[in-house]
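Here's model_17.cif, which has mmCIF, C-alpha atoms (C1' of nucleotides):
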data_input
#
loop_
_atom_site.group_PDB
_atom_site.id
_atom_site.type_symbol
_atom_site.label_atom_id
_atom_site.label_comp_id
_atom_site.auth_asym_id
_atom_site.auth_seq_id
_atom_site.Cartn_x
_atom_site.Cartn_y
_atom_site.Cartn_z
ATOM 1 C CA MET A 53 80.525 302.880 108.448
ATOM 2 C CA SER A 54 83.073 300.365 107.260
ATOM 3 C CA GLU A 55 86.278 301.528 105.665
ATOM 4 C CA ASP A 56 85.335 300.034 102.336
ATOM 5 C CA ALA A 57 81.841 301.437 102.250
ATOM 6 C CA ALA A 58 83.154 304.901 103.008
ATOM 7 C CA LEU A 59 85.607 304.599 100.167
ATOM 8 C CA THR A 60 83.076 303.643 97.544
ATOM 9 C CA THR A 61 80.577 306.143 98.916
ATOM 10 C CA ALA A 62 83.082 308.895 98.285
ATOM 11 C CA LEU A 63 83.697 307.614 94.781
ATOM 12 C CA ARG A 64 80.001 307.580 93.990
ATOM 13 C CA ARG A 65 79.699 311.267 94.737
ATOM 14 C CA GLY A 66 78.771 313.138 91.639
ATOM 15 C CA THR A 67 78.406 310.046 89.483
ATOM 16 C CA ILE A 68 75.217 308.494 90.825
ATOM 17 C CA GLU A 69 73.314 311.407 89.412
ATOM 18 C CA TYR A 70 74.501 310.734 85.889
ATOM 19 C CA CYS A 71 74.238 306.996 86.193
ATOM 20 C CA VAL A 72 70.553 307.562 86.885
ATOM 21 C CA LEU A 73 70.277 309.715 83.781
ATOM 22 C CA ALA A 74 72.063 307.053 81.738
ATOM 23 C CA LEU A 75 69.681 304.351 82.954
ATOM 24 C CA LEU A 76 66.681 306.523 82.116
ATOM 25 C CA ASP A 77 68.142 307.101 78.684
ATOM 26 C CA ARG A 78 67.498 303.426 77.939
ATOM 27 C CA ARG A 79 63.956 303.244 79.213
ATOM 28 C CA GLU A 80 61.664 304.826 81.763
ATOM 29 C CA LEU A 81 61.982 303.494 85.283
ATOM 30 C CA TYR A 82 60.492 304.164 88.713
ATOM 31 C CA GLY A 83 62.290 304.856 91.980
ATOM 32 C CA VAL A 84 62.630 301.420 93.477
ATOM 33 C CA GLU A 85 63.612 300.029 90.103
ATOM 34 C CA LEU A 86 66.436 302.555 89.839
ATOM 35 C CA VAL A 87 67.761 301.555 93.240
ATOM 36 C CA GLN A 88 67.672 297.926 92.197
ATOM 37 C CA GLN A 89 69.439 298.461 88.905
ATOM 38 C CA LEU A 90 72.214 300.453 90.534
ATOM 39 C CA SER A 91 72.581 298.113 93.493
ATOM 40 C CA GLY A 92 72.310 294.894 91.644
ATOM 41 C CA ALA A 93 74.816 294.171 88.968
ATOM 42 C CA LEU A 94 76.751 297.368 88.804
ATOM 43 C CA GLY A 95 78.559 297.904 92.091
ATOM 44 C CA MET A 96 76.875 301.250 92.657
ATOM 45 C CA SER A 97 74.594 300.080 95.413
ATOM 46 C CA THR A 98 72.579 302.817 97.008
ATOM 47 C CA SER A 99 69.380 303.271 98.980
ATOM 48 C CA GLU A 100 66.049 305.020 98.736
ATOM 49 C CA GLY A 101 67.277 307.665 101.131
ATOM 50 C CA THR A 102 69.722 308.650 98.426
ATOM 51 C CA MET A 103 67.511 308.095 95.434
ATOM 52 C CA TYR A 104 64.419 310.125 96.239
ATOM 53 C CA PRO A 105 66.193 313.336 97.179
ATOM 54 C CA LEU A 106 68.290 312.900 94.048
ATOM 55 C CA LEU A 107 65.238 312.434 91.863
ATOM 56 C CA SER A 108 63.632 315.511 93.404
ATOM 57 C CA ARG A 109 66.725 317.508 92.605
ATOM 58 C CA LEU A 110 66.810 316.312 89.007
ATOM 59 C CA ARG A 111 63.152 317.169 88.629
ATOM 60 C CA ARG A 112 63.717 320.650 90.056
ATOM 61 C CA ASN A 113 66.573 321.159 87.612
ATOM 62 C CA GLY A 114 64.393 320.094 84.725
ATOM 63 C CA ARG A 115 66.485 317.104 83.739
ATOM 64 C CA ILE A 116 63.800 314.503 84.231
ATOM 65 C CA ALA A 117 60.019 314.415 84.003
ATOM 66 C CA THR A 118 57.606 312.079 85.760
ATOM 67 C CA THR A 119 54.255 310.446 85.268
ATOM 68 C CA TRP A 120 52.266 308.390 87.706
ATOM 69 C CA ARG A 121 51.212 304.970 86.512
ATOM 70 C CA GLU A 122 49.053 302.298 88.042
ATOM 71 C CA ALA A 123 51.007 299.170 88.905
ATOM 72 C CA PRO A 124 49.766 295.644 88.082
ATOM 73 C CA ALA A 125 49.859 295.096 91.833
ATOM 74 C CA GLY A 126 50.647 297.368 94.758
ATOM 75 C CA PRO A 127 50.712 301.144 95.045
ATOM 76 C CA PRO A 128 51.065 303.425 92.005
ATOM 77 C CA ARG A 129 54.516 304.142 90.668
ATOM 78 C CA ARG A 130 56.140 307.337 89.584
ATOM 79 C CA TYR A 131 58.008 306.770 86.330
ATOM 80 C CA TYR A 132 60.842 309.030 85.231
ATOM 81 C CA THR A 133 62.029 309.970 81.776
ATOM 82 C CA LEU A 134 64.786 312.226 80.449
ATOM 83 C CA THR A 135 64.005 315.725 79.241
ATOM 84 C CA PRO A 136 66.047 317.287 76.415
ATOM 85 C CA ASP A 137 67.988 319.132 79.125
ATOM 86 C CA GLY A 138 68.664 315.820 80.800
ATOM 87 C CA GLU A 139 69.967 314.320 77.581
ATOM 88 C CA ALA A 140 72.252 317.272 77.031
ATOM 89 C CA ALA A 141 73.575 317.032 80.582
ATOM 90 C CA LEU A 142 74.241 313.334 80.136
ATOM 91 C CA THR A 143 76.101 313.863 76.880
ATOM 92 C CA HIS A 144 78.209 316.560 78.457
ATOM 93 C CA PHE A 145 78.981 314.397 81.438
ATOM 94 C CA ARG A 146 80.191 311.526 79.303
ATOM 95 C CA THR A 147 82.925 313.802 77.948
ATOM 96 C CA GLU A 148 83.858 315.074 81.397
ATOM 97 C CA TRP A 149 83.916 311.585 82.773
ATOM 98 C CA VAL A 150 86.235 310.207 80.138
ATOM 99 C CA ALA A 151 88.669 313.067 80.712
ATOM 100 C CA PHE A 152 88.524 312.687 84.471
ATOM 101 C CA ARG A 153 88.939 308.933 84.285
ATOM 102 C CA SER A 154 92.025 309.281 82.121
ATOM 103 C CA GLY A 155 93.556 311.811 84.495
ATOM 104 C CA VAL A 156 93.086 309.563 87.497
ATOM 105 C CA ASP A 157 94.357 306.548 85.587
ATOM 106 C CA ARG A 158 97.480 308.446 84.649
ATOM 107 C CA ILE A 159 98.196 309.421 88.235
ATOM 108 C CA LEU A 160 97.414 306.023 89.687
ATOM 109 C CA GLY A 161 99.082 304.118 86.888
ATOM 110 C CA THR A 162 95.953 302.078 86.225
ATOM 111 C CA GLU A 163 95.617 302.696 82.506
ATOM 112 C CA SER A 164 94.134 299.726 80.692
ATOM 113 C CA LYS A 165 96.120 299.215 77.574
ATOM 114 C CA MET B 228 80.452 328.286 91.206
ATOM 115 C CA SER B 229 80.178 327.506 87.498
ATOM 116 C CA GLU B 230 78.274 324.473 86.345
ATOM 117 C CA ASP B 231 81.408 322.812 85.050
ATOM 118 C CA ALA B 232 83.480 323.463 88.116
ATOM 119 C CA ALA B 233 80.778 321.999 90.313
ATOM 120 C CA LEU B 234 80.688 318.898 88.167
ATOM 121 C CA THR B 235 84.389 318.185 88.320
ATOM 122 C CA THR B 236 84.500 319.129 91.990
ATOM 123 C CA ALA B 237 81.978 316.427 92.686
ATOM 124 C CA LEU B 238 83.974 313.936 90.660
ATOM 125 C CA ARG B 239 87.153 314.725 92.549
ATOM 126 C CA ARG B 240 85.556 313.766 95.828
ATOM 127 C CA GLY B 241 87.271 310.768 97.268
ATOM 128 C CA THR B 242 89.923 310.572 94.585
ATOM 129 C CA ILE B 243 92.110 313.577 95.387
ATOM 130 C CA GLU B 244 93.151 311.828 98.545
ATOM 131 C CA TYR B 245 94.520 308.852 96.664
ATOM 132 C CA CYS B 246 96.000 310.905 93.877
ATOM 133 C CA VAL B 247 98.082 312.583 96.556
ATOM 134 C CA LEU B 248 99.189 309.198 97.846
ATOM 135 C CA ALA B 249 100.061 308.104 94.317
ATOM 136 C CA LEU B 250 102.168 311.214 93.734
ATOM 137 C CA LEU B 251 103.987 310.665 97.022
ATOM 138 C CA ASP B 252 104.618 307.087 96.002
ATOM 139 C CA ARG B 253 106.935 308.404 93.280
ATOM 140 C CA ARG B 254 108.895 310.842 95.390
ATOM 141 C CA GLU B 255 108.539 313.045 98.452
ATOM 142 C CA LEU B 256 106.845 316.388 97.869
ATOM 143 C CA TYR B 257 105.764 319.400 99.897
ATOM 144 C CA GLY B 258 102.347 321.032 100.045
ATOM 145 C CA VAL B 259 102.596 323.688 97.369
ATOM 146 C CA GLU B 260 104.294 321.217 95.065
ATOM 147 C CA LEU B 261 101.408 318.800 95.436
ATOM 148 C CA VAL B 262 98.913 321.493 94.526
ATOM 149 C CA GLN B 263 100.955 322.348 91.451
ATOM 150 C CA GLN B 264 101.303 318.765 90.270
ATOM 151 C CA LEU B 265 97.582 318.140 90.599
ATOM 152 C CA SER B 266 96.564 321.445 89.081
ATOM 153 C CA GLY B 267 99.032 321.515 86.285
ATOM 154 C CA ALA B 268 98.947 318.748 83.776
ATOM 155 C CA LEU B 269 96.377 316.450 85.208
ATOM 156 C CA GLY B 270 93.013 318.150 85.247
ATOM 157 C CA MET B 271 92.652 317.722 88.993
ATOM 158 C CA SER B 272 93.247 321.342 89.881
ATOM 159 C CA THR B 273 92.771 322.127 93.512
ATOM 160 C CA SER B 274 93.838 324.728 96.055
ATOM 161 C CA GLU B 275 95.732 324.983 99.303
ATOM 162 C CA GLY B 276 92.472 325.254 101.169
ATOM 163 C CA THR B 277 91.815 321.715 100.053
ATOM 164 C CA MET B 278 95.327 320.378 100.311
ATOM 165 C CA TYR B 279 96.346 321.272 103.841
ATOM 166 C CA PRO B 280 93.284 319.901 105.596
ATOM 167 C CA LEU B 281 93.672 316.789 103.463
ATOM 168 C CA LEU B 282 97.321 316.383 104.405
ATOM 169 C CA SER B 283 96.438 316.825 108.077
ATOM 170 C CA ARG B 284 93.863 314.110 107.774
ATOM 171 C CA LEU B 285 96.262 311.727 106.095
ATOM 172 C CA ARG B 286 98.819 312.407 108.781
ATOM 173 C CA ARG B 287 96.279 311.753 111.518
ATOM 174 C CA ASN B 288 95.357 308.474 109.865
ATOM 175 C CA GLY B 289 98.984 307.450 109.697
ATOM 176 C CA ARG B 290 99.161 307.227 105.926
ATOM 177 C CA ILE B 291 101.856 309.820 105.452
ATOM 178 C CA ALA B 292 104.790 311.106 107.491
ATOM 179 C CA THR B 293 106.458 314.486 107.333
ATOM 180 C CA THR B 294 109.827 316.095 107.824
ATOM 181 C CA TRP B 295 110.719 319.776 107.764
ATOM 182 C CA ARG B 296 113.478 320.760 105.383
ATOM 183 C CA GLU B 297 115.243 324.010 104.753
ATOM 184 C CA ALA B 298 114.529 325.414 101.307
ATOM 185 C CA PRO B 299 117.255 326.872 99.042
ATOM 186 C CA ALA B 300 115.279 330.104 99.290
ATOM 187 C CA GLY B 301 112.179 331.108 101.233
ATOM 188 C CA PRO B 302 110.542 329.557 104.272
ATOM 189 C CA PRO B 303 111.111 325.943 105.282
ATOM 190 C CA ARG B 304 109.050 323.227 103.642
ATOM 191 C CA ARG B 305 107.227 320.281 105.057
ATOM 192 C CA TYR B 306 107.899 317.216 102.936
ATOM 193 C CA TYR B 307 105.571 314.248 102.930
ATOM 194 C CA THR B 308 106.276 310.566 102.360
ATOM 195 C CA LEU B 309 104.124 307.450 102.361
ATOM 196 C CA THR B 310 104.019 305.166 105.370
ATOM 197 C CA PRO B 311 103.505 301.412 104.935
ATOM 198 C CA ASP B 312 99.863 302.015 105.824
ATOM 199 C CA GLY B 313 99.702 304.615 103.101
ATOM 200 C CA GLU B 314 101.133 302.240 100.536
ATOM 201 C CA ALA B 315 98.628 299.570 101.519
ATOM 202 C CA ALA B 316 95.764 302.043 101.237
ATOM 203 C CA LEU B 317 96.944 303.118 97.811
ATOM 204 C CA THR B 318 97.215 299.560 96.570
ATOM 205 C CA HIS B 319 93.762 298.787 97.842
ATOM 206 C CA PHE B 320 92.337 301.894 96.229
ATOM 207 C CA ARG B 321 93.761 301.034 92.830
ATOM 208 C CA THR B 322 91.666 297.873 92.849
ATOM 209 C CA GLU B 323 88.546 299.693 93.993
ATOM 210 C CA TRP B 324 89.058 302.397 91.425
ATOM 211 C CA VAL B 325 89.386 300.006 88.509
ATOM 212 C CA ALA B 326 86.193 298.236 89.529
ATOM 213 C CA PHE B 327 84.319 301.470 90.016
ATOM 214 C CA ARG B 328 85.556 302.890 86.745
ATOM 215 C CA SER B 329 84.389 299.819 84.860
ATOM 216 C CA GLY B 330 80.980 299.986 86.486
ATOM 217 C CA VAL B 331 80.472 303.602 85.517
ATOM 218 C CA ASP B 332 81.764 302.966 82.014
ATOM 219 C CA ARG B 333 79.289 300.151 81.609
ATOM 220 C CA ILE B 334 76.371 302.302 82.666
ATOM 221 C CA LEU B 335 77.406 305.319 80.646
ATOM 222 C CA GLY B 336 78.507 303.306 77.662
ATOM 223 C CA THR B 337 81.950 304.897 77.657
ATOM 224 C CA GLU B 338 84.070 301.760 77.640
ATOM 225 C CA SER B 339 87.320 302.240 75.763
ATOM 226 C CA LYS B 340 87.955 299.130 73.783
ATOM 227 C "C1'" DG C 180 118.033 348.254 109.326
ATOM 228 C "C1'" DG C 181 113.354 348.581 107.316
ATOM 229 C "C1'" DC C 182 109.988 347.989 103.776
ATOM 230 C "C1'" DG C 183 107.727 345.136 100.396
ATOM 231 C "C1'" DC C 184 107.491 340.883 97.795
ATOM 232 C "C1'" DT C 185 107.395 336.005 97.438
ATOM 233 C "C1'" DT C 186 106.880 331.502 99.178
ATOM 234 C "C1'" DA C 187 104.869 328.314 102.224
ATOM 235 C "C1'" DC C 188 101.932 326.671 105.787
ATOM 236 C "C1'" DC C 189 97.491 326.726 108.111
ATOM 237 C "C1'" DT C 190 92.422 327.835 109.733
ATOM 238 C "C1'" DT C 191 87.528 329.130 109.497
ATOM 239 C "C1'" DG C 192 83.035 328.818 107.773
ATOM 240 C "C1'" DC C 193 80.196 327.208 104.174
ATOM 241 C "C1'" DA C 194 77.921 324.230 100.449
ATOM 242 C "C1'" DG C 195 76.671 320.032 98.364
ATOM 243 C "C1'" DT C 196 75.550 315.162 98.506
ATOM 244 C "C1'" DG C 197 75.008 310.441 100.055
ATOM 245 C "C1'" DC C 198 73.197 307.784 103.938
ATOM 246 C "C1'" DA C 199 70.680 305.708 108.005
ATOM 247 C "C1'" DA C 200 66.548 305.823 110.136
ATOM 248 C "C1'" DG C 201 61.990 306.622 110.289
ATOM 249 C "C1'" DG C 202 57.356 307.686 108.424
ATOM 250 C "C1'" DT C 203 53.022 307.517 105.291
ATOM 251 C "C1'" DA C 204 49.941 305.480 102.045
ATOM 252 C "C1'" DC C 205 48.176 302.114 98.831
ATOM 253 C "C1'" DC C 206 47.130 297.475 97.574
ATOM 254 C "C1'" DT C 207 46.706 292.400 98.104
ATOM 255 C "C1'" DT C 208 45.995 288.238 100.680
ATOM 256 C "C1'" DG C 209 44.392 285.341 104.156
ATOM 257 C "C1'" DC D 57 39.654 293.672 108.561
ATOM 258 C "C1'" DA D 58 44.311 292.842 110.026
ATOM 259 C "C1'" DA D 59 49.005 291.848 108.343
ATOM 260 C "C1'" DG D 60 52.428 292.320 105.147
ATOM 261 C "C1'" DG D 61 54.517 293.949 101.102
ATOM 262 C "C1'" DT D 62 55.465 297.664 97.891
ATOM 263 C "C1'" DA D 63 56.466 302.321 96.864
ATOM 264 C "C1'" DC D 64 57.135 307.039 97.886
ATOM 265 C "C1'" DC D 65 59.142 310.645 100.808
ATOM 266 C "C1'" DT D 66 61.570 313.386 104.845
ATOM 267 C "C1'" DT D 67 64.818 314.531 108.606
ATOM 268 C "C1'" DG D 68 69.224 315.043 110.498
ATOM 269 C "C1'" DC D 69 73.958 313.907 110.121
ATOM 270 C "C1'" DA D 70 78.816 313.242 108.299
ATOM 271 C "C1'" DC D 71 82.231 314.067 105.172
ATOM 272 C "C1'" DT D 72 84.982 316.602 101.945
ATOM 273 C "C1'" DG D 73 86.321 320.254 98.829
ATOM 274 C "C1'" DC D 74 86.537 325.266 98.461
ATOM 275 C "C1'" DA D 75 86.928 330.398 98.972
ATOM 276 C "C1'" DA D 76 88.700 333.633 101.794
ATOM 277 C "C1'" DG D 77 91.642 335.127 105.043
ATOM 278 C "C1'" DG D 78 95.693 334.858 108.248
ATOM 279 C "C1'" DT D 79 100.720 333.998 109.908
ATOM 280 C "C1'" DA D 80 105.486 333.736 109.278
ATOM 281 C "C1'" DA D 81 110.051 333.015 107.142
ATOM 282 C "C1'" DG D 82 113.469 334.487 103.806
ATOM 283 C "C1'" DC D 83 115.140 337.683 100.098
ATOM 284 C "C1'" DG D 84 116.291 342.049 97.752
ATOM 285 C "C1'" DC D 85 116.508 346.789 97.451
ATOM 286 C "C1'" DC D 86 117.060 351.235 99.155
#
Let me see whether you can do it: turn the structure in this file into structure tokens.
Amino acid sequence: MSEDAALTTALRRGTIEYCVLALLDRRELYGVELVQQLSGALGMSTSEGTMYPLLSRLRRNGRIATTWREAPAGPPRRYYTLTPDGEAALTHFRTEWVAFRSGVDRILGTESK
Amino acid sequence: MSEDAALTTALRRGTIEYCVLALLDRRELYGVELVQQLSGALGMSTSEGTMYPLLSRLRRNGRIATTWREAPAGPPRRYYTLTPDGEAALTHFRTEWVAFRSGVDRILGTESK
DNA sequence: GGCGCTTACCTTGCAGTGCAAGGTACCTTG
DNA sequence: CAAGGTACCTTGCACTGCAAGGTAAGCGCC
């Protein structure tokens, strides 16, 4: 793995999970769509090998729920939505994230004024 | 491990390393001192079981250098300083961090205006 | 000197998570 | 009905942080 990829991979740890929850908070999405949204515009590119185990975990923990839907074309899709537990977890994480971000900014000297 | 601890542990992944470099960029420090600085005011609390393997790794990668010094009292201390490679890595990380932070903020909706 | 306390450094084994690679199944199109 | 695309899922690995435990040097007190 390249130096750069390893660096951002390490950063992603622990945040991908909540980024997925945040995306699902806007509207329901299916697996491949989640990968695309994260990879595309947002610099959090990831793969299906990461996404599906993650989604399974979130389902096991009761943070998301799923329903199968027929697609206009191609195989059926499994759509995910937030549960109340998922919403609570997301809200809590936002607080943790802001605190963590500030701490790191203070140490690195990267505060944005 | 508590829910909260697990959450922040995951967040720390990949950043502790560079927080250590940033602290050493200010002045040379020894192991226990690093643990204290991170744990104390900055919400990045960690332990020696994390620090020493990390310092070994950084030494192996040529990002820090060490010198033994006698302490005023107690056993000798191993002080760490940044190498040029370490400084370069830190500079590079600051850029990556700011980009990553912005991406996460955008997804979570936690931008600070 | 000898005992205990403190400080400091280090190691071992484990847990969690992201990833590459590979696999299955459904549907459409020629 | 074969080929290709879309979508879901699994296996095995690598990396890193942590808890727990271990070693050793210096200090103070008797």
Closest contacts (chain C/chain A, max 9 Å, all atoms listed in the file) as CSV:
residue,atom,partner,partner_atom,distance
C:DT196,C1',A:Arg65,CA,6.8
C:DG197,C1',A:Thr102,CA,5.8
C:DC198,C1',A:Gly101,CA,6.6
C:DA199,C1',A:Gly101,CA,7.9
C:DA204,C1',A:Pro127,CA,8.3
C:DC205,C1',A:Pro127,CA,4.7
C:DC206,C1',A:Gly126,CA,4.5
C:DT207,C1',A:Gly126,CA,7.2
Residues selected by the PyMOL selection byres ((chain C and resi 192) around 12), written as number ranges by chain
C: 190-191, 193-194; D: 74-77
Result set of the PyMOL selection byres ((chain D and resi 84) around 10) on the coordinates above, as a PDB file with C-alpha atoms (C1' of nucleotides), keeping the file's coordinate frame:
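Contents of selection-v5.pdb, freshly written:
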ATOM      1  C1'  DG C 183     107.727 345.136 100.396  1.00  0.00           C
ATOM      2  C1'  DC C 184     107.491 340.883  97.795  1.00  0.00           C
TER       3       DC C 184
ATOM      4  C1'  DC D  83     115.140 337.683 100.098  1.00  0.00           C
ATOM      5  C1'  DC D  85     116.508 346.789  97.451  1.00  0.00           C
ATOM      6  C1'  DC D  86     117.060 351.235  99.155  1.00  0.00           C
TER       7       DC D  86
END
Work out how far apart C1' of DA59 in chain D and CA of Tyr82 in chain A are and give it in Å to one decimal.
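CA of Tyr82 in chain A lies at a distance of 25.9 Å from C1' of DA59 in chain D.
Distance check against chain D using only C-alpha atoms (C1' of nucleotides): of A:Asp77, A:Glu163, A:Glu122, A:Glu139, the minimum falls on A:Glu122.
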Just want the 8 Å neighbourhood of Arg121 in chain A, counted on all atoms listed in the file, with same-chain residues fewer than 3 positions away dropped. Output as a PyMOL selection string.
chain A and resi 128-131
Write the selection just made, keeping C-alpha atoms, as a PDB file, in the coordinates of the input?
ATOM      1  CA  PRO A 128      51.065 303.425  92.005  1.00  0.00           C
ATOM      2  CA  ARG A 129      54.516 304.142  90.668  1.00  0.00           C
ATOM      3  CA  ARG A 130      56.140 307.337  89.584  1.00  0.00           C
ATOM      4  CA  TYR A 131      58.008 306.770  86.330  1.00  0.00           C
TER       5      TYR A 131
END
Interatomic distance between CA of Ile291 in chain B and CA of Thr308 in chain B?
5.4 Å
Taking only C-alpha atoms (C1' of nucleotides) into account, report as an mmCIF file with C-alpha atoms (C1' of nucleotides), in the coordinates of the input which residues of chain D lie within 7 Å of chain B.
data_model
loop_
_atom_site.group_PDB
_atom_site.id
_atom_site.type_symbol
_atom_site.label_atom_id
_atom_site.label_comp_id
_atom_site.auth_asym_id
_atom_site.auth_seq_id
_atom_site.Cartn_x
_atom_site.Cartn_y
_atom_site.Cartn_z
ATOM 1 C "C1'" DT D 72 84.982 316.602 101.945
ATOM 2 C "C1'" DG D 73 86.321 320.254 98.829
ATOM 3 C "C1'" DC D 74 86.537 325.266 98.461
ATOM 4 C "C1'" DA D 81 110.051 333.015 107.142
ATOM 5 C "C1'" DG D 82 113.469 334.487 103.806
#
